[in-house]
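Reproduced below: work_36.cif, with mmCIF, N, CA and C atoms.
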```
data_data
#
loop_
_atom_site.label_atom_id
_atom_site.label_comp_id
_atom_site.auth_asym_id
_atom_site.auth_seq_id
_atom_site.Cartn_x
_atom_site.Cartn_y
_atom_site.Cartn_z
N MET K 2 -116.83 -28.65 85.02
CA MET K 2 -115.67 -29.26 84.42
C MET K 2 -115.41 -30.59 85.12
N PHE K 3 -115.13 -31.63 84.33
CA PHE K 3 -114.91 -32.94 84.93
C PHE K 3 -114.00 -33.78 84.04
N PHE K 4 -113.44 -34.84 84.65
CA PHE K 4 -112.65 -35.83 83.93
C PHE K 4 -113.52 -37.05 83.67
N ARG K 5 -113.25 -37.69 82.56
CA ARG K 5 -113.85 -39.00 82.30
C ARG K 5 -112.89 -39.76 81.39
N TYR K 6 -113.11 -41.07 81.32
CA TYR K 6 -112.28 -41.86 80.42
C TYR K 6 -112.67 -41.57 78.97
N MET K 7 -111.67 -41.54 78.11
CA MET K 7 -111.87 -41.31 76.69
C MET K 7 -112.73 -42.44 76.11
N GLU K 8 -113.59 -42.09 75.19
CA GLU K 8 -114.46 -43.05 74.54
C GLU K 8 -114.24 -43.01 73.03
N VAL K 9 -114.68 -44.05 72.35
CA VAL K 9 -114.51 -44.13 70.89
C VAL K 9 -115.12 -42.89 70.23
N ARG K 10 -116.26 -42.43 70.73
CA ARG K 10 -116.92 -41.26 70.13
C ARG K 10 -116.08 -39.98 70.23
N ASP K 11 -115.05 -39.97 71.08
CA ASP K 11 -114.19 -38.81 71.26
C ASP K 11 -113.03 -38.77 70.27
N VAL K 12 -112.74 -39.89 69.64
CA VAL K 12 -111.49 -40.04 68.89
C VAL K 12 -111.35 -39.00 67.79
N GLU K 13 -112.38 -38.75 67.02
CA GLU K 13 -112.26 -37.80 65.91
C GLU K 13 -111.90 -36.39 66.41
N GLU K 14 -112.59 -35.93 67.43
CA GLU K 14 -112.31 -34.59 67.98
C GLU K 14 -110.90 -34.51 68.56
N ILE K 15 -110.49 -35.55 69.26
CA ILE K 15 -109.16 -35.55 69.87
C ILE K 15 -108.10 -35.64 68.79
N TRP K 16 -108.32 -36.45 67.77
CA TRP K 16 -107.37 -36.56 66.67
C TRP K 16 -107.19 -35.22 65.97
N GLU K 17 -108.29 -34.50 65.72
CA GLU K 17 -108.21 -33.18 65.09
C GLU K 17 -107.42 -32.20 65.95
N MET K 18 -107.65 -32.23 67.26
CA MET K 18 -106.91 -31.37 68.18
C MET K 18 -105.43 -31.72 68.12
N ASP K 19 -105.11 -33.00 68.13
CA ASP K 19 -103.73 -33.45 68.11
C ASP K 19 -103.02 -33.02 66.83
N GLN K 20 -103.72 -33.14 65.69
CA GLN K 20 -103.16 -32.70 64.41
C GLN K 20 -102.82 -31.21 64.45
N ALA K 21 -103.73 -30.40 64.99
CA ALA K 21 -103.52 -28.96 65.06
C ALA K 21 -102.34 -28.61 65.96
N LEU K 22 -102.16 -29.37 67.03
CA LEU K 22 -101.10 -29.07 67.99
C LEU K 22 -99.74 -29.63 67.60
N PHE K 23 -99.72 -30.85 67.07
CA PHE K 23 -98.45 -31.57 66.91
C PHE K 23 -98.05 -31.87 65.47
N GLY K 24 -98.90 -31.56 64.50
CA GLY K 24 -98.54 -31.77 63.10
C GLY K 24 -98.06 -33.18 62.82
N SER K 25 -96.85 -33.29 62.28
CA SER K 25 -96.33 -34.60 61.88
C SER K 25 -96.03 -35.53 63.06
N MET K 26 -95.99 -35.00 64.27
CA MET K 26 -95.75 -35.82 65.46
C MET K 26 -97.06 -36.25 66.13
N ALA K 27 -98.19 -35.89 65.53
CA ALA K 27 -99.49 -36.22 66.12
C ALA K 27 -99.76 -37.72 66.05
N TYR K 28 -100.57 -38.19 66.96
CA TYR K 28 -101.02 -39.58 66.96
C TYR K 28 -102.01 -39.76 65.80
N SER K 29 -102.13 -40.99 65.34
CA SER K 29 -103.13 -41.33 64.32
C SER K 29 -104.46 -41.65 65.01
N ARG K 30 -105.51 -41.70 64.22
CA ARG K 30 -106.80 -42.12 64.77
C ARG K 30 -106.67 -43.50 65.41
N GLN K 31 -105.93 -44.38 64.72
CA GLN K 31 -105.75 -45.75 65.22
C GLN K 31 -105.03 -45.75 66.57
N ASP K 32 -104.05 -44.86 66.75
CA ASP K 32 -103.36 -44.75 68.04
C ASP K 32 -104.36 -44.42 69.15
N PHE K 33 -105.27 -43.49 68.88
CA PHE K 33 -106.25 -43.11 69.88
C PHE K 33 -107.25 -44.24 70.14
N LEU K 34 -107.65 -44.94 69.09
CA LEU K 34 -108.55 -46.08 69.28
C LEU K 34 -107.88 -47.15 70.15
N ARG K 35 -106.59 -47.40 69.91
CA ARG K 35 -105.86 -48.37 70.73
C ARG K 35 -105.80 -47.90 72.18
N ALA K 36 -105.64 -46.59 72.39
CA ALA K 36 -105.60 -46.06 73.76
C ALA K 36 -106.94 -46.25 74.47
N VAL K 37 -108.03 -46.10 73.73
CA VAL K 37 -109.36 -46.28 74.31
C VAL K 37 -109.63 -47.75 74.61
N GLU K 38 -109.24 -48.61 73.71
CA GLU K 38 -109.60 -50.02 73.79
C GLU K 38 -108.52 -50.91 74.41
N GLY K 39 -107.30 -50.40 74.54
CA GLY K 39 -106.20 -51.22 75.02
C GLY K 39 -106.24 -51.47 76.51
N LYS K 40 -105.72 -52.61 76.91
CA LYS K 40 -105.76 -52.95 78.33
C LYS K 40 -104.66 -52.26 79.14
N TYR K 41 -103.66 -51.70 78.48
CA TYR K 41 -102.56 -51.07 79.21
C TYR K 41 -102.70 -49.55 79.32
N ASP K 42 -103.59 -48.96 78.55
CA ASP K 42 -103.71 -47.50 78.52
C ASP K 42 -104.87 -47.01 79.36
N ARG K 43 -104.63 -45.87 80.00
CA ARG K 43 -105.67 -45.14 80.73
C ARG K 43 -105.75 -43.78 80.06
N ALA K 44 -106.74 -43.60 79.22
CA ALA K 44 -106.90 -42.37 78.45
C ALA K 44 -108.05 -41.57 79.04
N ILE K 45 -107.77 -40.32 79.39
CA ILE K 45 -108.78 -39.46 80.00
C ILE K 45 -108.97 -38.19 79.19
N VAL K 46 -110.12 -37.58 79.37
CA VAL K 46 -110.40 -36.27 78.78
C VAL K 46 -110.90 -35.34 79.88
N LEU K 47 -110.61 -34.07 79.69
CA LEU K 47 -111.14 -33.01 80.55
C LEU K 47 -112.24 -32.33 79.74
N VAL K 48 -113.45 -32.30 80.31
CA VAL K 48 -114.63 -31.84 79.57
C VAL K 48 -115.29 -30.70 80.32
N GLU K 49 -115.75 -29.72 79.54
CA GLU K 49 -116.56 -28.63 80.09
C GLU K 49 -117.70 -28.38 79.12
N GLU K 50 -118.93 -28.50 79.61
CA GLU K 50 -120.12 -28.27 78.78
C GLU K 50 -120.03 -29.01 77.46
N GLU K 51 -119.69 -30.29 77.51
CA GLU K 51 -119.61 -31.20 76.38
C GLU K 51 -118.44 -30.93 75.43
N GLU K 52 -117.60 -29.93 75.71
CA GLU K 52 -116.41 -29.69 74.90
C GLU K 52 -115.21 -30.34 75.57
N ILE K 53 -114.45 -31.08 74.79
CA ILE K 53 -113.20 -31.66 75.28
C ILE K 53 -112.15 -30.55 75.27
N LEU K 54 -111.62 -30.25 76.44
CA LEU K 54 -110.59 -29.21 76.57
C LEU K 54 -109.19 -29.78 76.36
N GLY K 55 -109.01 -31.04 76.75
CA GLY K 55 -107.70 -31.68 76.63
C GLY K 55 -107.81 -33.15 76.95
N TYR K 56 -106.70 -33.83 76.79
CA TYR K 56 -106.66 -35.26 77.07
C TYR K 56 -105.28 -35.65 77.59
N ALA K 57 -105.21 -36.84 78.16
CA ALA K 57 -103.94 -37.42 78.59
C ALA K 57 -104.05 -38.93 78.48
N ILE K 58 -102.92 -39.57 78.16
CA ILE K 58 -102.87 -41.02 78.05
C ILE K 58 -101.70 -41.53 78.87
N LEU K 59 -102.01 -42.42 79.80
CA LEU K 59 -101.01 -43.09 80.63
C LEU K 59 -100.96 -44.55 80.24
N ARG K 60 -99.77 -45.05 79.92
CA ARG K 60 -99.59 -46.49 79.67
C ARG K 60 -99.09 -47.13 80.95
N VAL K 61 -99.80 -48.15 81.40
CA VAL K 61 -99.48 -48.84 82.65
C VAL K 61 -98.79 -50.16 82.31
N LEU K 62 -97.55 -50.30 82.78
CA LEU K 62 -96.77 -51.52 82.54
C LEU K 62 -96.23 -52.01 83.87
N GLY K 63 -97.03 -52.80 84.55
CA GLY K 63 -96.63 -53.30 85.86
C GLY K 63 -96.59 -52.16 86.86
N VAL K 64 -95.44 -51.98 87.51
CA VAL K 64 -95.31 -50.92 88.52
C VAL K 64 -94.77 -49.62 87.92
N GLU K 65 -94.63 -49.59 86.58
CA GLU K 65 -94.18 -48.37 85.92
C GLU K 65 -95.25 -47.88 84.95
N GLY K 66 -95.20 -46.60 84.68
CA GLY K 66 -96.12 -46.01 83.73
C GLY K 66 -95.39 -45.02 82.85
N GLU K 67 -95.96 -44.76 81.69
CA GLU K 67 -95.40 -43.75 80.81
C GLU K 67 -96.52 -42.81 80.38
N LEU K 68 -96.27 -41.53 80.57
CA LEU K 68 -97.20 -40.53 80.07
C LEU K 68 -96.99 -40.47 78.57
N GLU K 69 -97.87 -41.12 77.84
CA GLU K 69 -97.74 -41.23 76.39
C GLU K 69 -97.99 -39.89 75.70
N SER K 70 -99.01 -39.19 76.15
CA SER K 70 -99.35 -37.92 75.53
C SER K 70 -100.25 -37.13 76.47
N ILE K 71 -100.11 -35.82 76.39
CA ILE K 71 -100.98 -34.92 77.14
C ILE K 71 -101.10 -33.65 76.30
N ALA K 72 -102.32 -33.16 76.16
CA ALA K 72 -102.53 -31.98 75.31
C ALA K 72 -103.77 -31.22 75.74
N VAL K 73 -103.71 -29.92 75.52
CA VAL K 73 -104.84 -29.02 75.78
C VAL K 73 -105.06 -28.21 74.50
N LYS K 74 -106.31 -28.06 74.11
CA LYS K 74 -106.63 -27.26 72.93
C LYS K 74 -105.95 -25.90 73.02
N LYS K 75 -105.46 -25.43 71.89
CA LYS K 75 -104.69 -24.18 71.83
C LYS K 75 -105.41 -23.02 72.54
N ARG K 76 -106.69 -22.85 72.29
CA ARG K 76 -107.40 -21.71 72.86
C ARG K 76 -107.62 -21.82 74.37
N HIS K 77 -107.34 -23.00 74.93
CA HIS K 77 -107.51 -23.20 76.37
C HIS K 77 -106.17 -23.34 77.10
N GLN K 78 -105.09 -23.18 76.38
CA GLN K 78 -103.78 -23.28 77.03
C GLN K 78 -103.53 -22.07 77.91
N GLY K 79 -102.71 -22.27 78.93
CA GLY K 79 -102.38 -21.18 79.85
C GLY K 79 -103.41 -20.97 80.94
N LYS K 80 -104.37 -21.87 81.06
CA LYS K 80 -105.43 -21.75 82.07
C LYS K 80 -105.30 -22.78 83.18
N GLY K 81 -104.22 -23.55 83.17
CA GLY K 81 -104.01 -24.55 84.22
C GLY K 81 -104.59 -25.91 83.92
N PHE K 82 -105.15 -26.12 82.72
CA PHE K 82 -105.78 -27.39 82.40
C PHE K 82 -104.75 -28.51 82.23
N GLY K 83 -103.57 -28.18 81.70
CA GLY K 83 -102.51 -29.17 81.57
C GLY K 83 -102.09 -29.71 82.93
N LYS K 84 -101.97 -28.81 83.88
CA LYS K 84 -101.62 -29.23 85.24
C LYS K 84 -102.72 -30.10 85.84
N GLN K 85 -103.97 -29.75 85.59
CA GLN K 85 -105.08 -30.57 86.10
C GLN K 85 -105.06 -31.97 85.50
N LEU K 86 -104.82 -32.05 84.18
CA LEU K 86 -104.73 -33.35 83.53
C LEU K 86 -103.58 -34.17 84.10
N LEU K 87 -102.44 -33.53 84.28
CA LEU K 87 -101.28 -34.23 84.83
C LEU K 87 -101.57 -34.75 86.23
N ARG K 88 -102.18 -33.93 87.06
CA ARG K 88 -102.51 -34.37 88.42
C ARG K 88 -103.50 -35.53 88.41
N GLU K 89 -104.44 -35.52 87.49
CA GLU K 89 -105.38 -36.64 87.40
C GLU K 89 -104.65 -37.91 86.96
N ILE K 90 -103.73 -37.78 86.03
CA ILE K 90 -102.92 -38.94 85.61
C ILE K 90 -102.11 -39.47 86.78
N LEU K 91 -101.53 -38.59 87.58
CA LEU K 91 -100.76 -39.03 88.75
C LEU K 91 -101.67 -39.74 89.75
N SER K 92 -102.88 -39.27 89.88
CA SER K 92 -103.85 -39.90 90.76
C SER K 92 -104.21 -41.30 90.25
N ILE K 93 -104.40 -41.44 88.95
CA ILE K 93 -104.67 -42.75 88.36
C ILE K 93 -103.47 -43.66 88.61
N GLY K 94 -102.27 -43.14 88.42
CA GLY K 94 -101.07 -43.93 88.68
C GLY K 94 -101.00 -44.41 90.11
N ASP K 95 -101.38 -43.56 91.03
CA ASP K 95 -101.41 -43.94 92.44
C ASP K 95 -102.41 -45.08 92.67
N ARG K 96 -103.61 -44.95 92.11
CA ARG K 96 -104.63 -45.99 92.26
C ARG K 96 -104.21 -47.30 91.62
N GLU K 97 -103.40 -47.23 90.56
CA GLU K 97 -102.93 -48.42 89.85
C GLU K 97 -101.67 -49.00 90.49
N ALA K 98 -101.22 -48.40 91.59
CA ALA K 98 -100.01 -48.84 92.31
C ALA K 98 -98.74 -48.70 91.47
N ILE K 99 -98.73 -47.70 90.60
CA ILE K 99 -97.52 -47.42 89.82
C ILE K 99 -96.51 -46.75 90.75
N GLN K 100 -95.27 -47.16 90.64
CA GLN K 100 -94.23 -46.60 91.49
C GLN K 100 -93.45 -45.48 90.80
N LYS K 101 -93.39 -45.52 89.46
CA LYS K 101 -92.62 -44.51 88.74
C LYS K 101 -93.29 -44.24 87.40
N ILE K 102 -93.34 -42.95 87.03
CA ILE K 102 -93.89 -42.54 85.74
C ILE K 102 -92.79 -41.83 84.95
N PHE K 103 -92.70 -42.18 83.67
CA PHE K 103 -91.73 -41.60 82.76
C PHE K 103 -92.44 -40.78 81.69
N LEU K 104 -91.72 -39.84 81.08
CA LEU K 104 -92.24 -39.08 79.96
C LEU K 104 -91.10 -38.50 79.15
N GLU K 105 -91.41 -38.09 77.92
CA GLU K 105 -90.49 -37.34 77.08
C GLU K 105 -91.13 -35.98 76.81
N VAL K 106 -90.31 -34.94 76.73
CA VAL K 106 -90.80 -33.60 76.43
C VAL K 106 -89.77 -32.90 75.55
N ARG K 107 -90.25 -32.09 74.62
CA ARG K 107 -89.33 -31.32 73.78
C ARG K 107 -88.43 -30.45 74.66
N GLU K 108 -87.18 -30.40 74.29
CA GLU K 108 -86.23 -29.62 75.07
C GLU K 108 -86.66 -28.14 75.15
N SER K 109 -87.27 -27.62 74.10
CA SER K 109 -87.66 -26.21 74.07
C SER K 109 -89.01 -25.93 74.73
N ASN K 110 -89.73 -26.96 75.16
CA ASN K 110 -91.07 -26.76 75.72
C ASN K 110 -90.97 -26.38 77.20
N ASP K 111 -90.51 -25.16 77.42
CA ASP K 111 -90.31 -24.68 78.79
C ASP K 111 -91.57 -24.68 79.64
N PRO K 112 -92.74 -24.28 79.11
CA PRO K 112 -93.94 -24.31 79.95
C PRO K 112 -94.26 -25.72 80.46
N ALA K 113 -94.19 -26.72 79.58
CA ALA K 113 -94.48 -28.10 80.00
C ALA K 113 -93.42 -28.60 80.97
N ARG K 114 -92.17 -28.32 80.68
CA ARG K 114 -91.10 -28.77 81.58
C ARG K 114 -91.27 -28.16 82.97
N ALA K 115 -91.69 -26.91 83.03
CA ALA K 115 -91.89 -26.26 84.33
C ALA K 115 -93.03 -26.93 85.11
N ILE K 116 -94.11 -27.27 84.41
CA ILE K 116 -95.22 -27.98 85.07
C ILE K 116 -94.75 -29.32 85.60
N TYR K 117 -94.04 -30.06 84.75
CA TYR K 117 -93.56 -31.38 85.18
C TYR K 117 -92.65 -31.26 86.40
N GLU K 118 -91.76 -30.30 86.37
CA GLU K 118 -90.84 -30.13 87.51
C GLU K 118 -91.59 -29.75 88.78
N ARG K 119 -92.58 -28.86 88.66
CA ARG K 119 -93.38 -28.49 89.84
C ARG K 119 -94.16 -29.68 90.40
N GLU K 120 -94.47 -30.64 89.53
CA GLU K 120 -95.22 -31.82 89.97
C GLU K 120 -94.29 -32.98 90.35
N GLY K 121 -93.01 -32.71 90.49
CA GLY K 121 -92.09 -33.70 91.03
C GLY K 121 -91.30 -34.52 90.03
N PHE K 122 -91.41 -34.21 88.75
CA PHE K 122 -90.60 -34.91 87.75
C PHE K 122 -89.19 -34.33 87.73
N ARG K 123 -88.22 -35.18 87.42
CA ARG K 123 -86.85 -34.72 87.27
C ARG K 123 -86.28 -35.27 85.96
N ALA K 124 -85.47 -34.44 85.31
CA ALA K 124 -84.82 -34.87 84.07
C ALA K 124 -83.71 -35.85 84.41
N PHE K 125 -83.59 -36.91 83.61
CA PHE K 125 -82.52 -37.87 83.87
C PHE K 125 -81.74 -38.25 82.62
N SER K 126 -82.21 -37.87 81.44
CA SER K 126 -81.48 -38.21 80.22
C SER K 126 -82.04 -37.39 79.06
N LYS K 127 -81.46 -37.63 77.89
CA LYS K 127 -81.87 -36.91 76.69
C LYS K 127 -81.85 -37.88 75.51
N ARG K 128 -82.81 -37.74 74.61
CA ARG K 128 -82.82 -38.51 73.36
C ARG K 128 -82.54 -37.53 72.22
N LYS K 129 -81.43 -37.72 71.57
CA LYS K 129 -81.03 -36.84 70.47
C LYS K 129 -81.98 -36.97 69.29
N ALA K 130 -82.38 -35.83 68.75
CA ALA K 130 -83.18 -35.75 67.52
C ALA K 130 -84.44 -36.63 67.59
N TYR K 131 -85.06 -36.72 68.73
CA TYR K 131 -86.25 -37.54 68.92
C TYR K 131 -87.46 -36.96 68.19
N TYR K 132 -87.61 -35.66 68.23
CA TYR K 132 -88.75 -34.99 67.60
C TYR K 132 -88.36 -34.50 66.21
N ARG K 133 -89.39 -34.31 65.38
CA ARG K 133 -89.16 -33.74 64.05
C ARG K 133 -90.12 -32.57 63.84
N ASP K 134 -89.84 -31.79 62.83
CA ASP K 134 -90.68 -30.63 62.44
C ASP K 134 -90.90 -29.64 63.58
N PRO K 135 -89.94 -29.03 64.13
CA PRO K 135 -88.51 -29.13 63.81
C PRO K 135 -87.84 -30.26 64.59
N GLU K 136 -86.71 -30.70 64.05
CA GLU K 136 -85.94 -31.72 64.75
C GLU K 136 -85.45 -31.15 66.08
N GLU K 137 -85.59 -31.96 67.11
CA GLU K 137 -85.23 -31.48 68.44
C GLU K 137 -85.03 -32.66 69.39
N ASP K 138 -84.19 -32.45 70.38
CA ASP K 138 -83.96 -33.48 71.40
C ASP K 138 -85.16 -33.57 72.33
N ALA K 139 -85.31 -34.76 72.91
CA ALA K 139 -86.32 -34.98 73.95
C ALA K 139 -85.61 -35.07 75.29
N ILE K 140 -86.18 -34.44 76.28
CA ILE K 140 -85.71 -34.58 77.65
C ILE K 140 -86.53 -35.70 78.28
N LEU K 141 -85.86 -36.68 78.85
CA LEU K 141 -86.54 -37.78 79.53
C LEU K 141 -86.67 -37.40 81.00
N MET K 142 -87.88 -37.57 81.52
CA MET K 142 -88.15 -37.21 82.91
C MET K 142 -88.83 -38.37 83.61
N GLU K 143 -88.70 -38.40 84.93
CA GLU K 143 -89.32 -39.45 85.73
C GLU K 143 -89.81 -38.86 87.05
N ARG K 144 -90.79 -39.55 87.62
CA ARG K 144 -91.33 -39.15 88.93
C ARG K 144 -91.71 -40.41 89.68
N THR K 145 -91.26 -40.49 90.90
CA THR K 145 -91.66 -41.58 91.78
C THR K 145 -92.96 -41.17 92.46
N ILE K 146 -93.93 -42.09 92.46
CA ILE K 146 -95.20 -41.82 93.11
C ILE K 146 -95.12 -42.32 94.54
N GLN K 147 -95.41 -41.45 95.45
CA GLN K 147 -95.32 -41.78 96.88
C GLN K 147 -96.56 -42.48 97.36
#
```
Using structure tokens, write down the structure that the file contains.
Amino acid sequence: MFFRYMEVRDVEEIWEMDQALFGSMAYSRQDFLRAVEGKYDRAIVLVEEEEILGYAILRVLGVEGELESIAVKKRHQGKGFGKQLLREILSIGDREAIQKIFLEVRESNDPARAIYEREGFRAFSKRKAYYRDPEEDAILMERTIQ
């Protein structure tokens, strides 16, 4: 199992995974292509035996970053891969000299919120009705990188 940067050849598989996981809130193919080709995004995949298990996208904006998206294929959830992806993103943030990383998470997504909290993120605000299908508030979280 290893991490590598997302490539154009990965976009279709990642887009299909995103559609299955997030429905109407999923990224478009074009969003993923921009993440691969954009100068501000660091898009990674976790791979095992040529299968992409999950991905994460960090947007780097000066000394701040935003975790744009992180996902693990449904059949591989609950195995610690989300935590591994998050830790790799934090490591990239450290190498990029990012001082603070922000993210949004569904208020009801207790497993993700627990991982974020264990990794040093803290909730600081809420966005009303940010998500749809179903409509739900987003919890805004931040973490200072030491």
With all atoms listed in the file counted and 8 Å as the cut-off, give the residues of region 116-137 of chain K in contact with region 23-42 of chain K, each with its shortest interatomic distance in Å and the pair that gives it, as JSON lines.
```
{"residue": "K:Tyr132", "atom": "CA", "partner": "K:Met26", "partner_atom": "CA", "distance": 7.4}
{"residue": "K:Arg133", "atom": "C", "partner": "K:Met26", "partner_atom": "N", "distance": 6.4}
{"residue": "K:Asp134", "atom": "CA", "partner": "K:Ser25", "partner_atom": "N", "distance": 6.7}
```
Just need the box for region 117-121 of chain K, edges along x, y and z, holding every atom the file lists for it with 4 Å tacked onto each side, so centre and edge lengths in Å to one decimal, as JSON.
```
{"center_x": -93.0, "center_y": -31.5, "center_z": 87.9, "size_x": 12.4, "size_y": 14.0, "size_z": 14.3}
```
Given the PyMOL selection byres (((chain K and resi 120 and name CA) around 10) and name CA), the residues it picks as a PyMOL selection string: chain K and resi 84+87-88+91+114-119+121-123+144
Output of the above residues as a JSON list (two decimals), keeping the file's coordinate frame, restricted to N, CA and C atoms:
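Written output follows (out-v7.json):
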```
[["chain", "number", "residue", "atom", "x", "y", "z"],
["K", 84, "LYS", "N", -101.97, -28.81, 83.88],
["K", 84, "LYS", "CA", -101.62, -29.23, 85.24],
["K", 84, "LYS", "C", -102.72, -30.10, 85.84],
["K", 87, "LEU", "N", -102.44, -33.53, 84.28],
["K", 87, "LEU", "CA", -101.28, -34.23, 84.83],
["K", 87, "LEU", "C", -101.57, -34.75, 86.23],
["K", 88, "ARG", "N", -102.18, -33.93, 87.06],
["K", 88, "ARG", "CA", -102.51, -34.37, 88.42],
["K", 88, "ARG", "C", -103.50, -35.53, 88.41],
["K", 91, "LEU", "N", -101.53, -38.59, 87.58],
["K", 91, "LEU", "CA", -100.76, -39.03, 88.75],
["K", 91, "LEU", "C", -101.67, -39.74, 89.75],
["K", 114, "ARG", "N", -92.17, -28.32, 80.68],
["K", 114, "ARG", "CA", -91.10, -28.77, 81.58],
["K", 114, "ARG", "C", -91.27, -28.16, 82.97],
["K", 115, "ALA", "N", -91.69, -26.91, 83.03],
["K", 115, "ALA", "CA", -91.89, -26.26, 84.33],
["K", 115, "ALA", "C", -93.03, -26.93, 85.11],
["K", 116, "ILE", "N", -94.11, -27.27, 84.41],
["K", 116, "ILE", "CA", -95.22, -27.98, 85.07],
["K", 116, "ILE", "C", -94.75, -29.32, 85.60],
["K", 117, "TYR", "N", -94.04, -30.06, 84.75],
["K", 117, "TYR", "CA", -93.56, -31.38, 85.18],
["K", 117, "TYR", "C", -92.65, -31.26, 86.40],
["K", 118, "GLU", "N", -91.76, -30.30, 86.37],
["K", 118, "GLU", "CA", -90.84, -30.13, 87.51],
["K", 118, "GLU", "C", -91.59, -29.75, 88.78],
["K", 119, "ARG", "N", -92.58, -28.86, 88.66],
["K", 119, "ARG", "CA", -93.38, -28.49, 89.84],
["K", 119, "ARG", "C", -94.16, -29.68, 90.40],
["K", 121, "GLY", "N", -93.01, -32.71, 90.49],
["K", 121, "GLY", "CA", -92.09, -33.70, 91.03],
["K", 121, "GLY", "C", -91.30, -34.52, 90.03],
["K", 122, "PHE", "N", -91.41, -34.21, 88.75],
["K", 122, "PHE", "CA", -90.60, -34.91, 87.75],
["K", 122, "PHE", "C", -89.19, -34.33, 87.73],
["K", 123, "ARG", "N", -88.22, -35.18, 87.42],
["K", 123, "ARG", "CA", -86.85, -34.72, 87.27],
["K", 123, "ARG", "C", -86.28, -35.27, 85.96],
["K", 144, "ARG", "N", -90.79, -39.55, 87.62],
["K", 144, "ARG", "CA", -91.33, -39.15, 88.93],
["K", 144, "ARG", "C", -91.71, -40.41, 89.68]]
```
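Residues matched by the PyMOL selection byres ((chain K and resi 51-53) around 8) in this structure: Glu14, Ile15, Val46, Leu47, Val48, Glu49, Glu50, Leu54, Gly55, Tyr56, Val73 and Lys74 of chain K.
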Counting only C-alpha atoms, the option among K:Leu22, K:Val64, K:Ala72, K:Met2 closest to Ala98 (chain K): K:Val64
Closest of K:Glu13, K:Glu89, K:Asp111, K:Glu105 to Ala139 (chain K) - atom-to-atom distances counting all atoms listed in the file: K:Glu105
Strand (DSSP E or B) residues, from DSSP on the backbone, in region 29-89 of chain K, as an NGL selection string: :K and (42-49 or 52-62 or 65-73)
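Across the model, the gap from CA of Asn110 (chain K) to CA of Thr145 (chain K) is 21.9 Å.
Closest approach to Lys101 (chain K) from the set K:Glu137, K:Tyr131, K:Glu143, K:Lys80 is made by K:Glu143, with distances taken over only N, CA and C atoms.
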Expected answer as a ChimeraX atom specification: all residues with atoms within 5 Å of (-93.3, -45.9, 88.2), only N, CA and C atoms: /K:64-66,99-102
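Atom to atom, CA of Glu69 (chain K) and atom C of Phe103 (chain K) stand 7.5 Å apart.
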Backbone-only DSSP, alpha helix (DSSP H) members of chain K, as a ChimeraX atom specification: /K:12-23,30-38,82-96,111-119
One-decimal distance in Å that lies between atom N of Ser109 (chain K) and atom C of Lys129 (chain K): 11.8 Å
Picked residues, the PyMOL selection byres ((chain K and resi 59) around 7), as a VMD selection string: chain K and resid 41 to 45 57 to 58 60 to 61 66 to 70 90
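Every protein or nucleic acid residue with an atom no more than 6.5 Å from Ile140 (chain K), counting all atoms listed in the file and leaving out same-chain residues fewer than 6 positions away, appears here: Leu104, Glu105, Val106, Arg107, Glu108, Ala124, Phe125, Ser126, Lys127 and Arg128 of chain K.
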